[in-house]
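Shown below: input11.cif, with mmCIF, C-alpha atoms.
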data_query
#
loop_
_atom_site.label_atom_id
_atom_site.label_comp_id
_atom_site.auth_asym_id
_atom_site.auth_seq_id
_atom_site.Cartn_x
_atom_site.Cartn_y
_atom_site.Cartn_z
CA MET A 5 -19.62 44.41 17.04
CA SER A 6 -21.45 41.52 15.38
CA LYS A 7 -25.12 42.09 14.60
CA VAL A 8 -27.62 39.62 16.05
CA VAL A 9 -31.12 38.76 14.82
CA THR A 10 -33.77 37.10 17.00
CA PHE A 11 -37.16 35.74 15.88
CA GLY A 12 -40.20 34.97 17.99
CA GLU A 13 -43.34 36.27 19.67
CA ILE A 14 -43.65 39.33 21.87
CA MET A 15 -46.62 39.23 24.23
CA LEU A 16 -48.56 41.38 26.64
CA ARG A 17 -47.92 40.20 30.20
CA LEU A 18 -50.58 40.95 32.84
CA SER A 19 -49.67 40.33 36.49
CA PRO A 20 -51.46 40.99 39.78
CA PRO A 21 -49.43 43.50 41.83
CA GLY A 22 -46.93 42.03 44.28
CA HIS A 23 -47.76 38.47 45.24
CA LEU A 24 -51.55 38.71 44.97
CA ARG A 25 -53.42 35.74 43.56
CA PHE A 26 -55.57 36.07 40.45
CA SER A 27 -58.68 35.78 42.64
CA GLN A 28 -57.53 38.69 44.82
CA THR A 29 -56.47 41.29 42.30
CA THR A 30 -58.49 44.22 40.98
CA SER A 31 -55.76 45.41 38.61
CA PHE A 32 -52.88 44.08 36.53
CA ASP A 33 -49.36 45.39 35.97
CA VAL A 34 -48.47 45.59 32.26
CA VAL A 35 -45.20 44.33 30.76
CA TYR A 36 -44.28 43.38 27.19
CA GLY A 37 -41.95 40.46 26.65
CA GLY A 38 -41.22 37.06 25.18
CA GLY A 39 -38.28 34.69 24.88
CA GLU A 40 -36.56 36.11 21.81
CA SER A 41 -37.53 39.73 22.49
CA ASN A 42 -36.05 39.40 25.98
CA VAL A 43 -32.77 38.16 24.51
CA ALA A 44 -32.79 41.09 22.09
CA VAL A 45 -33.27 43.59 24.94
CA SER A 46 -30.37 42.06 26.89
CA LEU A 47 -28.06 42.32 23.89
CA ALA A 48 -29.09 45.89 23.09
CA ASN A 49 -28.44 46.78 26.72
CA TYR A 50 -24.86 45.46 26.31
CA GLY A 51 -24.38 47.61 23.20
CA VAL A 52 -24.77 44.80 20.65
CA PRO A 53 -26.62 45.79 17.43
CA VAL A 54 -29.71 43.58 17.41
CA GLU A 55 -32.83 43.19 15.28
CA PHE A 56 -36.02 41.55 16.55
CA VAL A 57 -38.26 39.91 13.95
CA THR A 58 -41.87 39.04 14.67
CA ARG A 59 -45.45 39.61 13.46
CA ILE A 60 -47.74 41.94 15.40
CA PRO A 61 -51.22 43.39 14.82
CA ASN A 62 -51.47 46.86 13.35
CA ASN A 63 -53.37 48.29 16.32
CA ASP A 64 -52.67 50.22 19.52
CA ILE A 65 -51.52 47.18 21.51
CA GLY A 66 -49.13 46.13 18.75
CA SER A 67 -47.82 49.70 18.69
CA CYS A 68 -47.15 49.56 22.44
CA ALA A 69 -45.08 46.40 22.00
CA LEU A 70 -43.21 48.08 19.15
CA MET A 71 -42.49 51.16 21.28
CA GLU A 72 -41.14 48.95 24.06
CA MET A 73 -38.58 47.45 21.70
CA ARG A 74 -37.61 50.86 20.31
CA LYS A 75 -37.25 52.22 23.82
CA ARG A 76 -34.67 49.52 24.52
CA ASN A 77 -32.71 50.24 21.31
CA VAL A 78 -33.82 47.02 19.62
CA GLY A 79 -34.16 47.18 15.83
CA VAL A 80 -37.66 46.59 14.47
CA ASN A 81 -37.08 47.17 10.75
CA HIS A 82 -38.25 43.74 9.59
CA ILE A 83 -41.38 43.24 11.70
CA ALA A 84 -44.43 42.06 9.75
CA PHE A 85 -47.84 43.55 10.50
CA GLY A 86 -51.11 41.64 10.39
CA GLY A 87 -53.56 39.61 12.40
CA ASP A 88 -56.03 40.84 14.99
CA ARG A 89 -54.34 40.41 18.34
CA LEU A 90 -51.17 40.27 20.36
CA GLY A 91 -50.66 37.16 22.47
CA ILE A 92 -51.29 37.60 26.21
CA TYR A 93 -50.10 35.73 29.26
CA PHE A 94 -51.20 36.16 32.84
CA LEU A 95 -48.58 35.68 35.57
CA GLU A 96 -49.34 35.04 39.23
CA THR A 97 -46.07 35.46 41.15
CA GLY A 98 -45.50 32.82 43.80
CA ALA A 99 -43.67 33.06 47.10
CA VAL A 100 -41.99 30.61 49.49
CA SER A 101 -43.73 27.23 48.93
CA ARG A 102 -46.32 28.54 46.46
CA GLY A 103 -44.98 28.45 42.92
CA SER A 104 -45.70 31.00 40.23
CA LYS A 105 -48.47 30.26 37.76
CA VAL A 106 -48.86 31.19 34.08
CA VAL A 107 -52.11 31.22 32.08
CA TYR A 108 -51.74 31.69 28.31
CA ASP A 109 -54.18 33.56 26.09
CA ARG A 110 -52.29 33.49 22.81
CA SER A 111 -54.43 31.41 20.44
CA ASN A 112 -54.79 33.00 17.00
CA SER A 113 -52.27 35.70 17.82
CA ALA A 114 -50.64 37.59 14.97
CA ILE A 115 -47.55 35.38 14.93
CA ALA A 116 -49.60 32.19 15.30
CA GLN A 117 -51.04 33.04 11.88
CA ILE A 118 -47.69 33.76 10.23
CA LYS A 119 -46.92 31.89 7.03
CA PRO A 120 -43.80 31.26 4.91
CA GLY A 121 -42.98 34.19 2.66
CA MET A 122 -44.20 36.86 5.07
CA ILE A 123 -40.63 37.58 6.23
CA ASN A 124 -37.95 38.33 3.64
CA TRP A 125 -35.05 36.54 5.31
CA ASP A 126 -32.59 37.59 2.61
CA LYS A 127 -33.21 41.21 3.61
CA VAL A 128 -33.18 40.40 7.33
CA PHE A 129 -29.74 38.75 7.06
CA ASP A 130 -28.30 41.25 4.60
CA GLY A 131 -25.31 43.18 5.94
CA ALA A 132 -23.27 42.50 9.05
CA VAL A 133 -25.49 39.85 10.66
CA THR A 134 -23.36 37.11 12.20
CA TRP A 135 -25.77 35.50 14.67
CA PHE A 136 -29.39 34.24 14.57
CA HIS A 137 -31.33 33.14 17.66
CA TRP A 138 -34.66 31.35 18.10
CA THR A 139 -36.30 29.35 20.88
CA GLY A 140 -38.45 26.24 21.09
CA ILE A 141 -41.40 28.43 22.07
CA THR A 142 -41.80 29.76 18.52
CA PRO A 143 -42.40 26.46 16.66
CA ALA A 144 -44.72 25.43 19.51
CA ILE A 145 -47.11 28.29 18.70
CA SER A 146 -48.39 27.00 15.35
CA GLN A 147 -47.37 25.05 12.27
CA GLY A 148 -46.99 28.33 10.42
CA ALA A 149 -44.58 29.67 13.04
CA ALA A 150 -42.62 26.41 12.88
CA ASN A 151 -42.43 26.65 9.08
CA VAL A 152 -41.20 30.26 9.16
CA CYS A 153 -38.63 29.35 11.81
CA LEU A 154 -37.37 26.62 9.47
CA GLU A 155 -37.17 29.19 6.65
CA ALA A 156 -35.02 31.35 8.92
CA VAL A 157 -32.54 28.68 10.03
CA LYS A 158 -32.10 27.45 6.47
CA ALA A 159 -31.41 30.98 5.22
CA ALA A 160 -29.01 31.69 8.08
CA SER A 161 -27.21 28.38 7.58
CA LYS A 162 -26.61 29.08 3.88
CA LEU A 163 -24.94 32.37 4.83
CA GLY A 164 -22.71 30.78 7.46
CA ILE A 165 -24.41 32.71 10.27
CA THR A 166 -24.01 31.27 13.77
CA ILE A 167 -27.35 29.84 14.90
CA SER A 168 -28.36 29.40 18.53
CA THR A 169 -31.44 28.03 20.24
CA ASP A 170 -32.88 27.85 23.72
CA LEU A 171 -34.95 24.64 23.58
CA ASN A 172 -37.50 26.03 26.07
CA TYR A 173 -40.01 23.18 26.29
CA ARG A 174 -43.46 24.47 27.30
CA ALA A 175 -45.99 21.84 28.33
CA LYS A 176 -48.90 24.27 27.86
CA LEU A 177 -48.00 24.85 24.20
CA TRP A 178 -47.72 22.34 21.31
CA LYS A 179 -51.51 22.14 21.17
CA TYR A 180 -51.95 22.43 17.40
CA GLY A 181 -50.98 18.85 16.63
CA GLY A 182 -47.40 19.37 15.51
CA ASP A 183 -44.90 16.58 16.12
CA SER A 184 -42.66 18.37 18.62
CA GLU A 185 -39.81 15.84 18.42
CA ALA A 186 -39.66 15.81 14.62
CA ILE A 187 -40.01 19.59 14.29
CA MET A 188 -37.45 20.39 16.98
CA THR A 189 -35.01 17.76 15.72
CA GLU A 190 -34.99 19.30 12.24
CA LEU A 191 -34.70 22.88 13.51
CA THR A 192 -32.02 22.08 16.09
CA SER A 193 -29.93 20.21 13.50
CA TYR A 194 -28.98 23.61 12.04
CA CYS A 195 -27.76 25.00 15.36
CA ASP A 196 -24.22 25.74 16.46
CA ILE A 197 -25.14 26.65 20.06
CA ILE A 198 -27.77 24.69 22.01
CA LEU A 199 -29.09 25.74 25.42
CA GLY A 200 -31.45 23.49 27.34
CA ASN A 201 -32.04 21.98 30.75
CA GLU A 202 -32.69 18.36 31.62
CA GLU A 203 -36.45 18.67 31.05
CA ASP A 204 -36.01 20.18 27.57
CA ALA A 205 -33.69 17.37 26.47
CA GLU A 206 -35.97 14.66 27.81
CA LYS A 207 -39.29 16.07 26.57
CA TYR A 208 -38.06 16.81 23.05
CA PHE A 209 -35.50 14.09 22.41
CA GLY A 210 -35.83 11.47 25.17
CA ILE A 211 -32.35 12.33 26.47
CA LYS A 212 -31.89 11.96 30.23
CA PRO A 213 -29.00 12.50 32.66
CA GLU A 214 -27.51 9.08 33.31
CA GLY A 215 -27.93 7.91 36.90
CA LEU A 216 -29.90 10.97 38.04
CA ASP A 217 -33.46 11.40 39.31
CA ILE A 218 -34.04 15.14 39.15
CA THR A 219 -37.16 14.92 41.35
CA LYS A 220 -35.16 13.36 44.18
CA GLU A 221 -31.95 15.35 43.85
CA GLY A 222 -33.67 18.76 43.89
CA HIS A 223 -31.28 21.62 44.58
CA LYS A 224 -28.39 19.21 45.24
CA VAL A 225 -27.92 18.45 41.53
CA LYS A 226 -24.26 18.48 40.51
CA ALA A 227 -22.94 19.83 37.23
CA GLU A 228 -21.14 16.58 36.44
CA SER A 229 -24.49 14.79 36.26
CA PHE A 230 -25.30 16.66 33.05
CA LEU A 231 -22.15 15.77 31.13
CA SER A 232 -23.99 12.72 29.79
CA VAL A 233 -26.82 14.98 28.50
CA CYS A 234 -24.31 17.20 26.71
CA LYS A 235 -22.59 14.23 25.09
CA GLN A 236 -25.88 12.69 24.00
CA MET A 237 -26.97 16.01 22.51
CA MET A 238 -23.67 16.33 20.63
CA LYS A 239 -24.13 12.84 19.20
CA LYS A 240 -27.67 13.65 18.04
CA PHE A 241 -26.68 17.04 16.59
CA PRO A 242 -23.23 16.76 14.99
CA ASN A 243 -23.28 20.41 13.83
CA ALA A 244 -23.45 21.66 17.41
CA LYS A 245 -20.26 23.27 18.69
CA LYS A 246 -21.40 23.92 22.25
CA VAL A 247 -24.16 22.53 24.46
CA ILE A 248 -25.07 24.55 27.53
CA THR A 249 -27.25 23.70 30.51
CA THR A 250 -28.53 25.96 33.27
CA LEU A 251 -28.67 24.42 36.73
CA ARG A 252 -31.55 25.79 38.79
CA GLY A 253 -32.08 24.38 42.25
CA SER A 254 -35.51 25.30 43.58
CA ILE A 255 -35.34 25.44 47.36
CA SER A 256 -38.55 27.48 47.30
CA ALA A 257 -40.31 29.91 44.96
CA SER A 258 -38.36 32.69 46.67
CA HIS A 259 -34.96 30.97 46.99
CA ASN A 260 -33.13 29.29 44.12
CA THR A 261 -29.58 28.24 43.45
CA TRP A 262 -28.28 29.15 39.99
CA ALA A 263 -25.33 27.94 37.93
CA GLY A 264 -24.46 26.65 34.48
CA VAL A 265 -22.27 24.26 32.53
CA MET A 266 -20.94 24.34 28.97
CA TYR A 267 -19.53 21.48 26.93
CA ASN A 268 -17.58 22.20 23.73
CA ARG A 269 -16.83 18.59 22.68
CA LYS A 270 -13.48 18.73 24.46
CA LYS A 271 -14.10 20.11 27.93
CA MET A 272 -16.95 20.81 30.31
CA TYR A 273 -16.87 24.23 31.97
CA LYS A 274 -18.67 24.96 35.24
CA SER A 275 -19.67 28.31 36.66
CA SER A 276 -19.84 29.42 40.26
CA GLU A 277 -23.13 28.64 42.01
CA TYR A 278 -25.16 31.62 43.20
CA GLN A 279 -27.68 31.68 46.00
CA ILE A 280 -30.63 33.79 44.82
CA THR A 281 -32.78 34.64 47.81
CA ASP A 282 -35.87 36.86 47.91
CA ILE A 283 -36.42 36.54 44.15
CA VAL A 284 -38.12 39.60 42.65
CA ASP A 285 -39.04 38.02 39.28
CA ARG A 286 -37.69 34.76 37.86
CA VAL A 287 -39.56 34.99 34.54
CA GLY A 288 -37.03 35.68 31.81
CA GLY A 289 -34.16 34.17 33.80
CA GLY A 290 -33.30 31.74 31.02
CA ASP A 291 -33.61 34.47 28.38
CA SER A 292 -31.21 36.68 30.34
CA PHE A 293 -28.79 33.75 30.50
CA MET A 294 -29.02 33.34 26.72
CA GLY A 295 -28.51 37.05 26.14
CA GLY A 296 -25.47 37.01 28.40
CA LEU A 297 -24.14 33.88 26.72
CA ILE A 298 -24.41 35.30 23.19
CA TYR A 299 -22.68 38.48 24.36
CA GLY A 300 -20.01 36.46 26.17
CA LEU A 301 -19.28 34.19 23.22
CA ILE A 302 -18.96 37.21 20.90
CA LYS A 303 -16.98 39.37 23.32
CA TYR A 304 -14.72 36.75 24.93
CA LYS A 305 -13.77 34.72 21.87
CA ASN A 306 -11.94 31.50 22.69
CA ASN A 307 -12.70 31.93 26.40
CA ASP A 308 -15.70 29.69 27.06
CA GLN A 309 -15.25 29.90 30.82
CA LYS A 310 -15.58 33.69 30.85
CA ALA A 311 -18.54 33.59 28.46
CA LEU A 312 -20.32 31.10 30.74
CA ASP A 313 -19.49 33.11 33.86
CA PHE A 314 -20.89 36.27 32.27
CA ALA A 315 -24.14 34.49 31.32
CA VAL A 316 -24.67 33.06 34.80
CA ALA A 317 -23.89 36.34 36.57
CA ALA A 318 -26.13 38.31 34.21
CA SER A 319 -29.06 35.95 34.74
CA CYS A 320 -28.48 35.90 38.48
CA LEU A 321 -28.95 39.68 38.50
CA LYS A 322 -32.08 39.40 36.33
CA HIS A 323 -33.87 37.72 39.23
CA THR A 324 -33.72 41.07 41.05
CA ILE A 325 -35.53 42.95 38.26
CA LYS A 326 -39.29 43.13 37.75
CA GLY A 327 -40.49 42.30 34.26
CA ASP A 328 -39.45 39.93 31.50
CA ALA A 329 -36.27 41.63 30.33
CA ASN A 330 -32.83 41.98 31.90
CA LEU A 331 -31.84 45.64 32.31
CA VAL A 332 -28.44 45.28 33.96
CA LEU A 333 -25.24 46.96 32.82
CA ILE A 334 -22.06 45.19 31.73
CA SER A 335 -20.24 46.77 34.67
CA GLU A 336 -22.80 45.33 37.10
CA VAL A 337 -22.38 41.86 35.64
CA GLU A 338 -18.60 42.12 35.74
CA ASN A 339 -18.71 43.29 39.37
CA LEU A 340 -20.70 40.20 40.32
CA MET A 341 -18.35 37.99 38.29
CA GLY A 342 -15.53 39.52 40.33
CA GLY A 343 -17.18 38.52 43.59
CA ASP A 344 -19.02 41.71 44.58
CA ALA A 345 -22.45 40.50 45.67
CA SER A 346 -22.82 43.05 48.48
CA GLY A 347 -25.63 45.07 46.93
CA ARG A 348 -24.12 48.24 48.39
CA VAL A 349 -25.38 51.64 47.22
CA SER A 350 -23.32 53.05 44.35
CA ARG A 351 -22.66 56.74 45.11
#

Please re-express this file's structure in structure tokens.
Amino acid sequence: MSKVVTFGEIMLRLSPPGHLRFSQTTSFDVVYGGGESNVAVSLANYGVPVEFVTRIPNNDIGSCALMEMRKRNVGVNHIAFGGDRLGIYFLETGAVSRGSKVVYDRSNSAIAQIKPGMINWDKVFDGAVTWFHWTGITPAISQGAANVCLEAVKAASKLGITISTDLNYRAKLWKYGGDSEAIMTELTSYCDIILGNEEDAEKYFGIKPEGLDITKEGHKVKAESFLSVCKQMMKKFPNAKKVITTLRGSISASHNTWAGVMYNRKKMYKSSEYQITDIVDRVGGGDSFMGGLIYGLIKYKNNDQKALDFAVAASCLKHTIKGDANLVLISEVENLMGGDASGRVSR
């Protein structure tokens, strides 16, 4: 199967057990994850050869992150070593009407100090690589990370490699003074596959759903409302072959609706809508969607509907798994796609 490369930051995640608040906890659960590393884990779990590229410190914490990737069968042959620290984020898991909260501690992390030339992209893309993935989180970390991301998309584009992005706007990032619109416009112009929700499109490019107030519609948002976003994105990025949007309706922190749409310049595809109740962990939900989408587009060539359905089902199941990464099997995703949402014991 096609080989995929992802590039971004892997971080140490520290969370109070269960639904404790930061002020209540006396210990933290440890998880390693990040947007592009989560996508890599999903793909490796589906049997896709995948390489994760990043920069980590040459210390015990960096080694733990490296071991986590190796444990999940993710390639780490092109990781750069340097810097003093791994980025950290603290996660307080919400419930019912109390939303989850994230506090970042990632300034001056190893990848924030990355510079052009530290990654040999010719070597990274040598061989059977057919797909490269990045997210909007990476260029938001530092100007250096944005510059290296641009190196990567230019190198991949020259080789005819499919390039995908999850726009992933993060209000708590973009603190270094970079022009987010200009940087993201240039990077996204190289992309074949663009994933983003209504907030991403508006915050980065000023693109809004026509005739829709997302704050008033809430979980009643209809897929058709986002066709205008897809068309506007296609107009802005003529190289894009598909624009995809996830549709999350937040009834409460514990109960979401989940669906997706895909537009391929000719037709808009809609998935089934899932009711996700009693959410275990919603962090990484978008990454699990992207991992499922890449797998679906590679596996089900010329069947955009099936690729979209796989992505939505895979990410629906991710909400039942603690941690950043999606650890479901293809058979489990296909069972849910086929309508089996019973959760019965498999004996």

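Distances from A:Ala175, A:Val337, A:Ile197, A:Val316 to Arg252 of chain A were compared using all atoms listed in the file, and the smallest one belongs to A:Val316.
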
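Between atom CA of Pro143 of chain A and atom CA of Thr169 of chain A there is a distance of 11.6 Å.
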
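Residue membership of the PyMOL selection byres ((chain A and resi 298) around 9) in the shown file amounts to Val8, Val43, Leu47, Trp135, Ser168, Phe293, Met294, Gly295, Gly296, Leu297, Tyr299, Gly300, Leu301, Ile302, Lys303, Ala311 and Ala315 of chain A.
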
Using only C-alpha atoms, please write the residues we just selected to a file, as a PDB file, in the coordinates of the input.
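As a result, again_20.pdb now contains:
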ATOM      1  CA  VAL A   8     -27.620  39.620  16.050  1.00  0.00           C
ATOM      2  CA  VAL A  43     -32.770  38.160  24.510  1.00  0.00           C
ATOM      3  CA  LEU A  47     -28.060  42.320  23.890  1.00  0.00           C
ATOM      4  CA  TRP A 135     -25.770  35.500  14.670  1.00  0.00           C
ATOM      5  CA  SER A 168     -28.360  29.400  18.530  1.00  0.00           C
ATOM      6  CA  PHE A 293     -28.790  33.750  30.500  1.00  0.00           C
ATOM      7  CA  MET A 294     -29.020  33.340  26.720  1.00  0.00           C
ATOM      8  CA  GLY A 295     -28.510  37.050  26.140  1.00  0.00           C
ATOM      9  CA  GLY A 296     -25.470  37.010  28.400  1.00  0.00           C
ATOM     10  CA  LEU A 297     -24.140  33.880  26.720  1.00  0.00           C
ATOM     11  CA  TYR A 299     -22.680  38.480  24.360  1.00  0.00           C
ATOM     12  CA  GLY A 300     -20.010  36.460  26.170  1.00  0.00           C
ATOM     13  CA  LEU A 301     -19.280  34.190  23.220  1.00  0.00           C
ATOM     14  CA  ILE A 302     -18.960  37.210  20.900  1.00  0.00           C
ATOM     15  CA  LYS A 303     -16.980  39.370  23.320  1.00  0.00           C
ATOM     16  CA  ALA A 311     -18.540  33.590  28.460  1.00  0.00           C
ATOM     17  CA  ALA A 315     -24.140  34.490  31.320  1.00  0.00           C
TER      18      ALA A 315
END

Would you place a box with edges along x, y and z of the file around all atoms of segment 229-236 of chain A listed there, add 5 Å to each of its six sides, and report the centre and edge lengths in Å to one decimal, as AutoDock Vina command-line options?
--center_x -24.5 --center_y 14.9 --center_z 30.1 --size_x 14.7 --size_y 14.5 --size_z 22.3

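Residue nearest Ile60 of chain A, chosen from A:Ser113, A:Thr324, A:Thr250, A:Ser229 and counting only C-alpha atoms: A:Ser113.
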
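Shell of segment 62-76 of chain A at 8 Å, with all atoms listed in the file counted and residues fewer than 3 places along the chain excluded, is Ile14, Met15, Leu16, Tyr36, Ser41, Val45, Ala48, Asn49, Gly79, Val80, Phe85, Gly86, Gly87, Asp88, Arg89 and Leu90 of chain A.
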
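In this structure, atom CA of Gly210 of chain A sits 12.5 Å away from atom CA of Tyr173 of chain A.
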
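The set of residues that the PyMOL selection byres ((chain A and resi 126) around 10) takes from this file is Ile123, Asn124, Trp125, Lys127, Val128, Phe129, Asp130, Gly131, Ala156, Ala159, Ala160 and Leu163 of chain A.
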
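Shortest separation to Ala99 of chain A among A:Leu24, A:Leu18, A:Ala186, A:Ile248 occurs at residue A:Leu24, atoms counted being only C-alpha atoms.
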
Select all residues near (-42.0, 29.4, 40.2) (cut-off 6 Å, inclusive, file coordinates), counting only C-alpha atoms, and output them as a list in words.
-> Gly103, Ser104 and Ala257 of chain A

Show which residues sit within 10 Å of Met266 of chain A, as a PyMOL selection string. Count all atoms listed in the file, and ignore same-chain residues fewer than 3 positions away.
-> chain A and resi 198-199+227+230-231+234+246-250+269+271-275+308-309+311-312

Determine, counting only C-alpha atoms, which protein, DNA and RNA residues have an atom within 10 Å of an atom of Leu171 of chain A; residues of the same chain fewer than 6 positions away are not included. Present the result as a PyMOL selection string.
-> chain A and resi 138-142+188+192+198-201+203-205+208

Got a sec to resolve the PyMOL selection byres ((chain A and resi 278) around 8) on this structure and send the residues as a list in words?
-> Thr261, Trp262, Ala263, Ser276, Glu277, Gln279, Ile280 and Cys320 of chain A

Spatial neighbours of Ile145 of chain A, 8 Å, all atoms listed in the file, chain gap at least 5 places, as a VMD selection string = chain A and resid 116 150 177 to 180

Of the listed residues A:Ser27, A:Asn243, A:Asn172, A:Gln236, that which approaches Glu190 of chain A most closely, counting only C-alpha atoms | A:Asn243

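Among the candidate residues A:Gly12, A:Gly289, A:Pro213, A:Gly342, the one lying nearest to Lys235 of chain A is A:Pro213, with distances computed using only C-alpha atoms.
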
For Thr281 of chain A: contacts at 7 Å, only C-alpha atoms, fewer than 4 positions along chain excluded, given as an MDAnalysis selection string | chainID A and resid 258:260

Take the residues from that selection and put them in a file with C-alpha atoms, as a compact mmCIF listing (two decimals), in the coordinates of the input.
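Printed below is selection_38.txt as written:
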# COMPACT_ATOMS: atom_id res chain seq x y z
CA SER A 258 -38.36 32.69 46.67
CA HIS A 259 -34.96 30.97 46.99
CA ASN A 260 -33.13 29.29 44.12

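Distance-wise, atom CA of His23 of chain A and atom CA of Ala318 of chain A end up 24.3 Å apart.
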
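Among the candidates A:Ile118, A:Ile255, A:Ile325, A:Val133, the one nearest to Val54 of chain A when counting only C-alpha atoms is A:Val133.
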